[in-house]
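> Below you'll find start18.tsv; it's TSV, C-alpha atoms.
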chain	number	residue	atom	x	y	z
A	1	MET	CA	78.42	71.11	78.19
A	2	ASN	CA	77.38	68.01	80.09
A	3	ARG	CA	78.39	69.66	83.36
A	4	MET	CA	76.23	72.70	82.56
A	5	THR	CA	73.32	70.48	81.62
A	6	ARG	CA	73.73	68.51	84.84
A	7	SER	CA	73.84	71.72	86.89
A	8	ALA	CA	70.71	73.03	85.18
A	9	SER	CA	68.92	69.75	85.89
A	10	TRP	CA	69.88	69.88	89.56
A	11	PHE	CA	68.71	73.47	89.75
A	12	LEU	CA	65.34	72.62	88.19
A	13	ALA	CA	64.93	69.64	90.50
A	14	LEU	CA	65.72	71.78	93.55
A	15	ARG	CA	63.36	74.52	92.44
A	16	TYR	CA	60.44	72.17	91.83
A	17	SER	CA	61.15	70.37	95.10
A	18	LEU	CA	60.93	73.66	97.00
A	19	ILE	CA	57.73	74.57	95.15
A	20	LEU	CA	56.24	71.18	96.03
A	21	LEU	CA	57.25	71.58	99.68
A	22	ALA	CA	55.71	75.04	99.86
A	23	LEU	CA	52.54	73.74	98.21
A	24	ILE	CA	52.27	70.93	100.74
A	25	VAL	CA	52.70	73.33	103.66
A	26	VAL	CA	50.02	75.65	102.26
A	27	LEU	CA	47.54	72.86	101.50
A	28	ILE	CA	47.81	71.03	104.84
A	29	PRO	CA	45.33	73.35	106.66
A	30	VAL	CA	42.94	73.26	103.70
A	31	VAL	CA	42.98	69.46	103.53
A	32	TRP	CA	42.54	69.21	107.30
A	33	MET	CA	39.55	71.59	107.22
A	34	ALA	CA	37.94	69.72	104.33
A	35	ALA	CA	38.40	66.40	106.12
A	36	MET	CA	37.11	67.81	109.41
A	37	ALA	CA	33.93	69.05	107.73
A	38	PHE	CA	32.90	65.47	106.93
A	39	LYS	CA	33.87	63.87	110.26
A	40	PRO	CA	31.21	62.84	112.78
A	41	VAL	CA	31.31	64.36	116.24
A	42	GLU	CA	33.13	61.32	117.69
A	43	GLU	CA	36.15	61.99	115.48
A	44	TRP	CA	36.71	65.68	116.34
A	45	THR	CA	35.94	65.81	120.07
A	46	ALA	CA	37.79	64.58	123.13
A	47	ALA	CA	35.75	61.38	122.95
A	48	GLY	CA	37.69	60.29	119.89
A	49	GLU	CA	40.44	57.78	120.56
A	50	SER	CA	42.88	59.20	118.00
A	51	LEU	CA	43.10	61.74	115.23
A	52	HIS	CA	42.83	60.71	111.61
A	53	TRP	CA	43.57	62.71	108.49
A	54	LEU	CA	40.55	61.32	106.65
A	55	PRO	CA	37.11	60.67	108.20
A	56	LEU	CA	36.57	57.02	109.08
A	57	GLN	CA	32.79	57.42	108.80
A	58	PRO	CA	32.10	60.35	106.42
A	59	THR	CA	28.90	62.23	107.15
A	60	LEU	CA	27.05	65.41	106.18
A	61	ASP	CA	25.83	66.01	109.75
A	62	ASN	CA	28.00	69.11	110.17
A	63	PHE	CA	26.47	70.77	107.12
A	64	ARG	CA	22.97	69.79	108.21
A	65	PHE	CA	23.65	71.15	111.68
A	66	ILE	CA	24.70	74.67	110.61
A	67	PHE	CA	21.59	74.93	108.42
A	68	GLY	CA	19.25	73.98	111.24
A	69	SER	CA	18.65	70.25	110.78
A	70	SER	CA	18.88	68.11	113.90
A	71	THR	CA	21.32	65.22	113.98
A	72	SER	CA	21.32	62.12	116.15
A	73	ARG	CA	25.01	62.45	117.04
A	74	LEU	CA	25.25	66.17	117.77
A	75	ILE	CA	22.59	67.22	120.26
A	76	VAL	CA	23.26	70.97	120.40
A	77	SER	CA	20.97	73.89	119.62
A	78	ILE	CA	22.06	77.07	117.86
A	79	ASP	CA	20.32	80.44	118.00
A	80	GLN	CA	20.69	81.10	114.27
A	81	THR	CA	21.37	79.03	111.17
A	82	ALA	CA	24.18	79.81	108.74
A	83	GLY	CA	21.85	81.07	106.00
A	84	ARG	CA	21.60	84.66	107.24
A	85	PRO	CA	25.37	85.06	107.94
A	86	ILE	CA	26.18	83.78	104.44
A	87	LEU	CA	23.71	86.27	102.94
A	88	ALA	CA	25.11	89.07	105.12
A	89	SER	CA	28.67	88.31	104.02
A	90	LEU	CA	27.70	88.17	100.35
A	91	LEU	CA	25.77	91.45	100.45
A	92	SER	CA	28.21	93.46	102.55
A	93	ALA	CA	31.39	92.18	100.86
A	94	SER	CA	30.03	92.50	97.31
A	95	ILE	CA	28.50	95.96	97.70
A	96	GLY	CA	31.49	97.16	99.73
A	97	THR	CA	33.78	95.99	96.92
A	98	VAL	CA	31.68	97.82	94.34
A	99	ILE	CA	31.80	101.04	96.39
A	100	ALA	CA	35.55	100.82	96.92
A	101	MET	CA	36.37	99.96	93.30
A	102	VAL	CA	34.11	102.59	91.71
A	103	CYS	CA	35.25	105.41	94.00
A	104	GLY	CA	38.86	104.26	94.03
A	105	THR	CA	39.07	103.92	90.24
A	106	LEU	CA	37.56	107.34	89.55
A	107	ALA	CA	39.74	109.01	92.17
A	108	ALA	CA	42.87	107.23	90.91
A	109	TYR	CA	42.16	108.27	87.31
A	110	GLY	CA	41.69	111.89	88.32
A	111	VAL	CA	44.91	112.01	90.33
A	112	SER	CA	46.92	110.10	87.72
A	113	ARG	CA	45.75	111.99	84.63
A	114	PHE	CA	44.88	115.49	85.86
A	115	ASP	CA	47.23	115.79	88.86
A	116	ALA	CA	44.17	116.74	90.91
A	117	GLY	CA	43.94	116.35	94.65
A	118	ARG	CA	47.64	116.18	95.41
A	119	ASN	CA	46.94	115.55	99.10
A	120	LEU	CA	44.33	112.85	98.38
A	121	PRO	CA	46.75	109.86	98.22
A	122	LEU	CA	48.20	110.66	101.63
A	123	ALA	CA	44.77	111.38	103.08
A	124	LEU	CA	43.48	108.00	101.92
A	125	LEU	CA	46.59	106.26	103.18
A	126	GLN	CA	45.95	107.71	106.64
A	127	LEU	CA	42.77	105.63	106.81
A	128	ARG	CA	45.01	102.57	107.15
A	129	ILE	CA	47.65	104.14	109.39
A	130	PHE	CA	45.44	104.54	112.47
A	131	PRO	CA	44.81	101.44	114.61
A	132	PRO	CA	41.45	99.85	113.72
A	133	MET	CA	40.10	100.10	117.26
A	134	ALA	CA	40.87	103.82	117.43
A	135	VAL	CA	38.83	104.37	114.27
A	136	MET	CA	35.98	101.97	115.03
A	137	ILE	CA	34.92	103.57	118.30
A	138	PRO	CA	33.75	106.86	116.68
A	139	VAL	CA	32.35	104.85	113.75
A	140	MET	CA	30.22	102.84	116.18
A	141	ILE	CA	28.87	106.05	117.71
A	142	MET	CA	28.15	107.54	114.29
A	143	TRP	CA	26.52	104.36	112.97
A	144	THR	CA	24.34	104.12	116.10
A	145	PHE	CA	23.17	107.71	115.59
A	146	LEU	CA	22.37	106.97	111.93
A	147	GLY	CA	20.57	103.72	112.74
A	148	MET	CA	22.97	101.55	110.71
A	149	ILE	CA	24.11	99.20	113.46
A	150	ASP	CA	23.37	95.57	112.60
A	151	THR	CA	22.38	96.36	109.00
A	152	TRP	CA	23.88	94.99	105.80
A	153	PHE	CA	24.05	98.42	104.15
A	154	GLY	CA	25.85	99.94	107.12
A	155	LEU	CA	28.40	97.13	106.99
A	156	ALA	CA	28.76	97.45	103.20
A	157	LEU	CA	29.35	101.20	103.46
A	158	ILE	CA	32.11	100.89	106.05
A	159	TYR	CA	33.70	98.07	104.03
A	160	GLY	CA	33.76	100.35	101.01
A	161	ILE	CA	35.37	103.14	103.05
A	162	VAL	CA	37.96	100.91	104.72
A	163	THR	CA	39.11	99.22	101.50
A	164	LEU	CA	39.04	102.43	99.44
A	165	PRO	CA	42.79	103.10	100.00
A	166	PHE	CA	43.66	99.66	98.60
A	167	SER	CA	41.62	100.15	95.44
A	168	PHE	CA	42.86	103.73	94.99
A	169	TRP	CA	46.57	102.95	95.30
A	170	LEU	CA	46.34	99.80	93.18
A	171	MET	CA	44.43	101.51	90.39
A	172	LYS	CA	46.62	104.62	90.53
A	173	THR	CA	49.68	102.44	89.99
A	174	PHE	CA	48.03	100.80	87.00
A	175	PHE	CA	46.92	104.14	85.52
A	176	ASP	CA	50.44	105.53	85.92
A	177	GLU	CA	51.82	102.55	83.99
A	178	MET	CA	49.34	102.95	81.12
A	179	PRO	CA	50.67	105.02	78.16
A	180	ARG	CA	48.92	108.38	77.85
A	181	GLU	CA	49.55	108.54	74.10
A	182	LEU	CA	46.52	106.31	73.42
A	183	GLU	CA	44.18	108.70	75.22
A	184	GLU	CA	45.78	111.75	73.64
A	185	ALA	CA	45.34	110.24	70.19
A	186	ALA	CA	41.63	109.68	70.86
A	187	LEU	CA	41.26	113.26	72.12
A	188	VAL	CA	42.86	114.57	68.95
A	189	GLU	CA	40.32	112.56	66.92
A	190	GLY	CA	37.50	114.41	68.69
A	191	CYS	CA	36.52	112.08	71.55
A	192	THR	CA	35.38	113.64	74.78
A	193	ARG	CA	37.25	112.89	77.98
A	194	PHE	CA	34.41	110.72	79.28
A	195	ARG	CA	34.24	108.76	76.01
A	196	VAL	CA	38.00	108.21	76.12
A	197	PHE	CA	37.73	106.90	79.68
A	198	HIS	CA	34.73	104.70	78.87
A	199	ARG	CA	35.75	103.31	75.47
A	200	ILE	CA	39.55	103.19	75.66
A	201	THR	CA	40.90	103.40	79.19
A	202	LEU	CA	38.49	101.07	80.99
A	203	PRO	CA	38.71	98.19	78.45
A	204	MET	CA	42.50	98.31	78.69
A	205	MET	CA	42.31	98.32	82.49
A	206	MET	CA	39.98	95.33	82.83
A	207	ALA	CA	42.79	92.95	83.89
A	208	PRO	CA	44.20	95.23	86.63
A	209	PHE	CA	40.68	96.15	87.69
A	210	ALA	CA	39.70	92.49	88.09
A	211	SER	CA	42.85	91.73	90.11
A	212	ALA	CA	42.26	94.70	92.42
A	213	ALA	CA	38.56	93.82	92.82
A	214	LEU	CA	39.40	90.25	93.83
A	215	LEU	CA	41.88	91.48	96.45
A	216	VAL	CA	39.39	94.01	97.88
A	217	PHE	CA	36.63	91.38	97.95
A	218	ILE	CA	38.84	88.96	99.89
A	219	PHE	CA	39.63	91.71	102.43
A	220	ASN	CA	35.92	92.43	102.92
A	221	TRP	CA	34.89	88.77	102.91
A	222	SER	CA	37.38	87.74	105.61
A	223	ASP	CA	36.85	90.73	107.93
A	224	TYR	CA	36.12	89.92	111.56
A	225	LEU	CA	36.72	93.02	113.70
A	226	ILE	CA	34.44	95.46	111.89
A	227	ALA	CA	31.59	92.96	111.65
A	228	LEU	CA	32.01	92.04	115.33
A	229	LEU	CA	31.64	95.67	116.41
A	230	LEU	CA	28.91	96.78	113.99
A	231	THR	CA	26.59	93.75	114.09
A	232	THR	CA	24.75	92.07	116.93
A	233	LYS	CA	22.62	89.17	115.69
A	234	GLU	CA	20.54	89.74	112.55
A	235	TRP	CA	23.35	90.56	110.11
A	236	ARG	CA	26.36	88.80	111.57
A	237	THR	CA	28.84	87.76	108.92
A	238	ILE	CA	30.41	84.33	108.52
A	239	PRO	CA	33.56	85.01	110.64
A	240	VAL	CA	31.51	86.40	113.54
A	241	TYR	CA	28.96	83.61	113.33
A	242	MET	CA	31.70	81.00	113.17
A	243	SER	CA	33.21	82.25	116.43
A	244	SER	CA	29.87	81.59	118.18
A	245	LEU	CA	29.73	77.91	117.22
A	246	SER	CA	30.42	76.33	120.59
A	247	SER	CA	28.51	74.62	123.37
A	248	SER	CA	28.97	73.79	127.02
A	249	MET	CA	28.67	70.06	126.31
A	250	THR	CA	31.13	69.57	123.46
A	251	GLY	CA	33.15	72.80	123.60
A	252	GLN	CA	34.19	74.19	120.24
A	253	LEU	CA	32.15	72.74	117.38
A	254	TYR	CA	35.12	72.10	115.14
A	255	GLY	CA	33.16	70.00	112.66
A	256	ALA	CA	30.53	72.68	112.17
A	257	LYS	CA	33.20	75.39	111.90
A	258	ALA	CA	35.07	73.38	109.29
A	259	ALA	CA	31.87	72.87	107.30
A	260	LEU	CA	31.12	76.59	107.39
A	261	GLY	CA	34.74	77.39	106.54
A	262	LEU	CA	34.51	75.11	103.51
A	263	ILE	CA	31.40	76.96	102.36
A	264	ALA	CA	33.04	80.32	103.02
A	265	ALA	CA	35.95	79.40	100.76
A	266	VAL	CA	33.66	78.91	97.76
A	267	PRO	CA	32.88	82.55	96.73
A	268	PRO	CA	36.52	83.74	96.54
A	269	VAL	CA	37.50	80.61	94.63
A	270	VAL	CA	34.58	80.96	92.21
A	271	LEU	CA	35.33	84.64	91.69
A	272	GLY	CA	38.99	83.88	91.11
A	273	LEU	CA	38.13	81.21	88.54
A	274	ALA	CA	35.69	83.54	86.81
A	275	ILE	CA	38.33	86.22	86.27
A	276	GLN	CA	41.37	83.96	85.99
A	277	ARG	CA	42.07	85.08	82.43
A	278	TYR	CA	42.57	88.60	83.77
A	279	LEU	CA	44.57	87.72	86.88
A	280	VAL	CA	48.00	86.93	85.44
A	281	ARG	CA	47.89	89.90	83.11
A	282	GLY	CA	46.61	92.18	85.88
A	283	LEU	CA	49.19	91.07	88.45
A	284	THR	CA	52.05	91.59	85.97
A	285	PHE	CA	50.69	94.82	84.46
A	286	GLY	CA	53.55	97.25	84.02
A	287	ALA	CA	56.21	94.71	84.96
A	288	LEU	CA	57.66	94.63	81.44
A	289	LYS	CA	58.58	97.63	79.35
Would you mind giving the structure from this file in structure tokens?

Amino acid sequence: MNRMTRSASWFLALRYSLILLALIVVLIPVVWMAAMAFKPVEEWTAAGESLHWLPLQPTLDNFRFIFGSSTSRLIVSIDQTAGRPILASLLSASIGTVIAMVCGTLAAYGVSRFDAGRNLPLALLQLRIFPPMAVMIPVMIMWTFLGMIDTWFGLALIYGIVTLPFSFWLMKTFFDEMPRELEEAALVEGCTRFRVFHRITLPMMMAPFASAALLVFIFNWSDYLIALLLTTKEWRTIPVYMSSLSSSMTGQLYGAKAALGLIAAVPPVVLGLAIQRYLVRGLTFGALK
């Protein structure tokens, strides 16, 4: 008995040690970015004598710089502040997520419950099979003809289309795992199909829906290629704007990029915290019978 207890203790110690090691590896870039955001220019350029994990002279100059305030240490001009890219990312990612989740959920429910559109799952999957560049060239031509280049609604629409396969397949899996007997019982009691979907199915699917929405939002929020090709200046998103933060004098503005990256990490984290009570249940939906 003592030998078994000792073996179990060693196993738990090894498991938690591996978890701690993995956590350290994952958090190292995050900690480095957070520290870089508060370092003055002397500590993240070639002029610095050595690298330090923590800023020796913490400052908010990097945050002031990306929002248009001049600083005494960083004498560089930018053609646009970070306000518009943050707004563009919020609008396009949020509305694109709404489009993908609404269309994907309705399509998944129809295929799962009524066996309609048998070729629809494969057709949607083909949207992700083709290389992005092969798809984006005709999209650029179409968006130019429709006057949606460098617009937030044009970017939101293509985000909704591109992430539609993810929302469809995720929600279809969840609908397939949900017992049909609950809906059939409501239909027997006299509920219409729409009322069953609205009052019974959707409340039960809130946890999977929230998990899928968070995943789709992260995909849209972190996109670079689509925004690079479909925006020019007015509605550049955060990833595209971040790539332009450089100068001939100091090279890459790592401090400003880290500050913007720290701001960009806030919306997904806030959204994840807001729906955290749904996440565990949604991610494990259908895992147990």
> Just the number, please: distance in Å from atom CA of Pro268 of chain A to atom CA of Pro132 of chain A, one decimal.
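Result for atom CA of Pro268 of chain A versus atom CA of Pro132 of chain A: 24.1 Å, one decimal.
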> Counting all atoms listed in the file, which residues in segment 152-226 of chain A sit no more than 12 Å from segment 245-267 of chain A? For each one, give the nearest pair of atoms and the distance in Å, sorted by chain then residue number, as CSV.

residue,atom,partner,partner_atom,distance
A:Leu214,CA,A:Pro267,CA,10.5
A:Phe217,CA,A:Pro267,CA,9.7
A:Ile218,CA,A:Pro267,CA,9.3
A:Trp221,CA,A:Ala264,CA,8.7
A:Ser222,CA,A:Ala264,CA,9.0
> Between A:Ala82, A:Ile19, A:Leu202, A:Ile226, which residue has the minimum interatomic distance to Ala156 of chain A, considering all atoms listed in the file?
A:Ile226
> Please provide as a PyMOL selection string all residues within 9 Å of Ile158 of chain A, with the sequence filter that same-chain residues fewer than 4 positions apart are discarded (counting only C-alpha atoms).
chain A and resi 96+139+153-154+162-163+226
> Identify which of the residues A:Ala34, A:Leu18, A:Leu27, A:Ala227 lies closest to Ile149 of chain A, counting only C-alpha atoms when measuring atom-to-atom distances.
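With only C-alpha atoms as the atom set, the closest residue is A:Ala227.
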> Go through A:Trp152, A:Phe166, A:Tyr159, A:Phe63 and flag the residue nearest Gln126 of chain A, using all atoms listed in the file for the distances.
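The answer is A:Phe166, which sits nearest to Gln126 of chain A.
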> So how far away is atom CA of Val216 of chain A from atom CA of Ser167 of chain A, in Å?
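About the pair atom CA of Ser167 of chain A and atom CA of Val216 of chain A: they are 7.0 Å apart.
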